[in-house]
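Asker: Sharing a structure, written as structure tokens. Questions coming.
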Amino acid sequence: MSTTPSILMALAQAMQQRRIEVVDLTQTLTPEFPQISLPPEYGQCWPFRLEEVAQYDARGPSWYWNNFSCGEHTGTHFDAPIHWVSGRHLPFNSVDTIPVEHFVAPAYVIDCVAQTQADPDYLLTVDDVLAFEAAHGRIQARSWLFMRTDWSQRTDPEAYQNFDETGQHTPGPSTEAVRFLIEERDVIGFGSEAIGTDAGQGFHLKPPYPCHYLMHGSGRYGLQCLTNLHLLPPAGAVVLAAPLKIQKGSGSPLRVLALVERT
Amino acid sequence: MSMPMPPPKRKNPALRTRPMHPPPAARSRIGLGLTAAAARGELALQVCQACGAHQYPPRESCCRCPSTHLKWQAQSGLGQLLAITTLSHSNDLFFRERLPWRLGMVALDVGVSVLVHLHEDVDTPNQNVRVLARLDRAGQAVLIAVPTQPSPHWQETSMMREMGCDPKHRKILITDGKSPTGQALARACVSAGAQTVWVGHAEPWKKLPGLDELAALPGVSLIPLDLTNERDVAKVSGGIGGKVDIVINNAEAHRTHGIADRAGTDAARFEMDLNYFGLLRLAQSLGPALKGRAADGPANAVAWVNVLSIYALANFPAHGTYSASKAAAYSLAQCLRAEMRPFGIRVINVFPGPVEDEWFQSLPPPKLNPDVLARAIVKALQEGTEDVYPGDVAQEWLQRWREDPKILEREIAAGDGQ
């Protein structure tokens, strides 16, 4: 027998020794965390709600538990291709049929904090991606691209949603950047700290909501309401993002974890 | 002449908050006819349909002829004071704590004499008076003689405050300040002299006009409150539960669907979650605090107002799921009333017709102006009525519903619902 540990055992050892750390990229599910808001005549995504079933009382003397309710797109959540009309006929397009190996993938983190602080409607450009690659290397195929904006640090729901009378003002990718990431870099998906993968004003882009339309139309995924992206290196993290196995589910809240190597 | 009530002094926290002992509540089945009319704000007496004689006290058969055909009819209440008595002793806990208490005998113009509570401005024998039927703290009808020309502050005497739920100097929670009705209610409560008005607002990130102006009114403060969120409700109850004297639950979800014109249950569930379960959550959370403060001095906890809809009585199919949620809320509001009454808290149910707001946009007029609705609610609080049907549409529906609910149902189905 070889004395060299297997890759997995080496990984486990490295994690025990804290050479590889686990970073939680997930927002806590609370009733106060805002949900995506559509015009009121449309169907709405449920906010997270918690109702107590028992708390060591007459309803259950020795135990505490709750019922919760939420939408598939509440809190930190995963978007499957079936979520958008452009991905409706693709094979393996719902959370229960997506190949599970897609739920573990490398992630690149582009720092757009300065741009977003200057302009909450900031759109990630192709040049941003090229500049990132010049500094950190080419984005490898089948990786996540995360847009770091520190938007998750807006803990006040009003600031997080950032609505005015023209709608929501949150950052996202430009149409050209989305096309580039799909066609030139073959990313597995796009991740955002804001409430959607598309910018708050994404409805006014061409096509409307380009990240949803093009990513899901080509079988890619979305992650939104991510947090702690500032704890990730620009390149080299591996992300575990497995949605709940909901039959024909369009997405689901999930726990997103990143493995980060400390050098 | 009655003087304006001064702002009550702050409570002495060393003293016990006494529980409420409502006045005697027993009434005969026939006697409840007086209560039913008083709940709508009317004085009604039985009138013999054979000989025309008015009856008092309520009875099975005419006091003058053998007829049993007696019908409750609204009365003006005008009459003349015959006698005054001042009660200095009572074994009843309610009156014992409020002595001395003035009673009188009034000869009504319609020919019967009635025993009444006396307003402090009624003090001269043979004085012309108007007799009102009001609900007392037990929720039962009592008769009160007031001057025919009341002075401006006649509702502010201690006896009148016991009979009503006047917003003056009281602290009020309005559960939704984003709707036109909620904003009108806040303004109306401030105008009526409320000391504090907390105005709830859900989903603070959704910018709707009017909230900032509301917060600038004296005594008004905004408070995050979403009745679909159990923890939010618990937070508000924990924060202000010991201070709220009047709850006005106007938060509602309203979509404009029947069964066939929209797939799925999400919109209907939202209506039910807010309109029915929202009331349940708030009542479970805030109800106990109100019950405990029903005798807490001159600015005590007194009332719980539910803004329902006339469509709670009969389903309006164009707003079918909304009607169903309001019917559910109405039923629960009756439960709340039954549970609150023994503690001296009045539950007021308001049944407006279509209101001039976003979700009734597609209905033609007449529609109820939110300011008119708000004034009707303040008036109901001042007068202590239990059931309020403000506006022409509500009045007409009520009348048709009382005549025959089945006929009304068929007429609505045939498109004659407005």
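Just remember, in the structure tokens the first chain shown is A, the second B, etc., residues are 1-based per chain, and ligands are 1-based in the order shown.
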Counting only C-alpha atoms, which residues of chain B sit at most 9 Å from some atom of chain A, and what is each one's closest atom pair with its distance in Å to one decimal, listed by chain and rising residue number, as JSON lines?

Answerer:
```
{"residue": "B:Glu203", "atom": "CA", "partner": "A:Pro34", "partner_atom": "CA", "distance": 7.7}
{"residue": "B:Pro204", "atom": "CA", "partner": "A:Glu158", "partner_atom": "CA", "distance": 6.1}
{"residue": "B:Trp205", "atom": "CA", "partner": "A:Glu158", "partner_atom": "CA", "distance": 4.2}
{"residue": "B:Lys206", "atom": "CA", "partner": "A:Phe163", "partner_atom": "CA", "distance": 6.6}
{"residue": "B:Lys207", "atom": "CA", "partner": "A:Asp164", "partner_atom": "CA", "distance": 6.4}
{"residue": "B:Leu208", "atom": "CA", "partner": "A:Glu165", "partner_atom": "CA", "distance": 8.5}
{"residue": "B:Thr228", "atom": "CA", "partner": "A:Arg49", "partner_atom": "CA", "distance": 8.0}
{"residue": "B:Asn229", "atom": "CA", "partner": "A:Arg49", "partner_atom": "CA", "distance": 6.2}
{"residue": "B:Glu230", "atom": "CA", "partner": "A:Glu51", "partner_atom": "CA", "distance": 6.4}
{"residue": "B:Arg231", "atom": "CA", "partner": "A:Pro31", "partner_atom": "CA", "distance": 7.6}
{"residue": "B:Asp232", "atom": "CA", "partner": "A:Pro31", "partner_atom": "CA", "distance": 8.1}
{"residue": "B:Arg255", "atom": "CA", "partner": "A:Glu41", "partner_atom": "CA", "distance": 7.8}
{"residue": "B:Asp266", "atom": "CA", "partner": "A:Gly43", "partner_atom": "CA", "distance": 6.8}
{"residue": "B:Ala267", "atom": "CA", "partner": "A:Gly43", "partner_atom": "CA", "distance": 6.9}
```

Asker: Would you mind writing down, as a list in words, each residue of stretch 312-368 of chain B that DSSP on the backbone assigns to strand (DSSP E or B)?

Answerer: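 Put together, the selection reads Arg346, Val347, Ile348, Asn349, Val350, Val355 and Leu368 of chain B.
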
Asker: Could the residues in this selection be written to a file with N, CA and C atoms, as a CSV table (one decimal), in the first residue's frame?

Answerer:
```csv
chain,number,residue,atom,x,y,z
B,346,ARG,N,-64.0,46.7,24.3
B,346,ARG,CA,-65.0,46.7,23.2
B,346,ARG,C,-64.3,46.3,21.9
B,347,VAL,N,-64.9,45.4,21.2
B,347,VAL,CA,-64.5,45.1,19.8
B,347,VAL,C,-65.4,45.7,18.8
B,348,ILE,N,-64.9,46.6,18.0
B,348,ILE,CA,-65.7,47.3,17.0
B,348,ILE,C,-65.4,46.7,15.6
B,349,ASN,N,-66.4,46.3,15.0
B,349,ASN,CA,-66.2,45.8,13.6
B,349,ASN,C,-66.8,46.8,12.6
B,350,VAL,N,-66.0,47.1,11.6
B,350,VAL,CA,-66.3,48.1,10.7
B,350,VAL,C,-66.4,47.4,9.3
B,355,VAL,N,-63.7,51.2,-1.0
B,355,VAL,CA,-63.0,52.4,-0.5
B,355,VAL,C,-62.2,53.0,-1.7
B,368,LEU,N,-66.1,54.9,-1.0
B,368,LEU,CA,-66.0,55.6,0.3
B,368,LEU,C,-64.6,56.3,0.4
```

Asker: Can you tell me which residues surround stretch 151-167 of chain B at a distance of at most 9 Å, considering only C-alpha atoms, apart from same-chain residues fewer than 5 positions away, and format the answer as JSON, numbers by chain?

Answerer: {"B": [1, 2, 3, 4, 5, 98, 101, 117, 118, 119, 120, 121, 134, 135, 136, 137, 142, 144, 146, 172, 189, 190, 192, 193, 194, 195, 245, 246, 298, 301, 302, 303, 346, 378, 379, 380, 381, 382, 383, 384, 385]}

Asker: Which polymer residues have any atom within 8 Å of an atom of A:Asp111, counting only C-alpha atoms, with same-chain residues fewer than 3 positions away left out, as a list in words?

Answerer: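 In the requested form, the answer reads Ala114, Met147, Arg148, Thr149 and Pro234 of chain A.
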
Asker: With a distance cut-off of 12 Å and only C-alpha atoms, select the neighbouring residues of A:Ala14, excluding the residue or stretch itself and same-chain residues fewer than 4 positions from it, and output the selection as JSON, numbers by chain.

Answerer: {"A": [5, 7, 8, 9, 10, 18, 19, 20, 21, 22, 259, 260, 261, 262, 263]}

Asker: Could you list, as a PDB file with C-alpha atoms, in the first residue's frame, every residue within 9 Å of stretch 125-137 of chain A, counting only C-alpha atoms and ignoring same-chain residues fewer than 2 positions away?

Answerer:
```
ATOM      1  CA  VAL A 109     -14.325  36.616  -7.069  1.00  0.00           C
ATOM      2  CA  ILE A 110     -14.155  39.937  -8.898  1.00  0.00           C
ATOM      3  CA  ASP A 111     -13.859  42.911  -6.567  1.00  0.00           C
ATOM      4  CA  CYS A 112     -16.342  45.594  -7.656  1.00  0.00           C
ATOM      5  CA  LEU A 123     -22.814  46.917 -14.246  1.00  0.00           C
ATOM      6  CA  ILE A 139     -11.048  31.986 -15.518  1.00  0.00           C
ATOM      7  CA  GLN A 140     -11.141  28.220 -15.926  1.00  0.00           C
ATOM      8  CA  PRO A 173     -23.517  42.220 -14.771  1.00  0.00           C
ATOM      9  CA  SER A 174     -23.860  43.929 -18.154  1.00  0.00           C
ATOM     10  CA  THR A 175     -25.306  41.970 -21.047  1.00  0.00           C
ATOM     11  CA  GLU A 176     -21.904  41.897 -22.726  1.00  0.00           C
ATOM     12  CA  ALA A 177     -20.198  40.556 -19.625  1.00  0.00           C
ATOM     13  CA  VAL A 178     -22.812  37.809 -19.276  1.00  0.00           C
ATOM     14  CA  PHE A 180     -18.547  36.847 -22.511  1.00  0.00           C
ATOM     15  CA  LEU A 181     -18.655  34.688 -19.379  1.00  0.00           C
ATOM     16  CA  PRO A 234      -9.846  36.208  -6.061  1.00  0.00           C
ATOM     17  CA  ALA A 235      -9.117  32.705  -7.364  1.00  0.00           C
TER      18      ALA A 235
END
```

Asker: As a list of chain:residue names, please: the residues near stretch 17-20 of chain B (cut-off 9 Å, only C-alpha atoms, same-chain neighbours under 4 positions excluded).

Answerer: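 Within the cut-off, the hits are B:Pro13, B:Phe94, B:Arg137, B:Lys291, B:Gly292, B:Arg293, B:Ala294, B:Ala295, B:Asp296, B:Gly297, B:Pro342, B:Phe343, B:Gly344.
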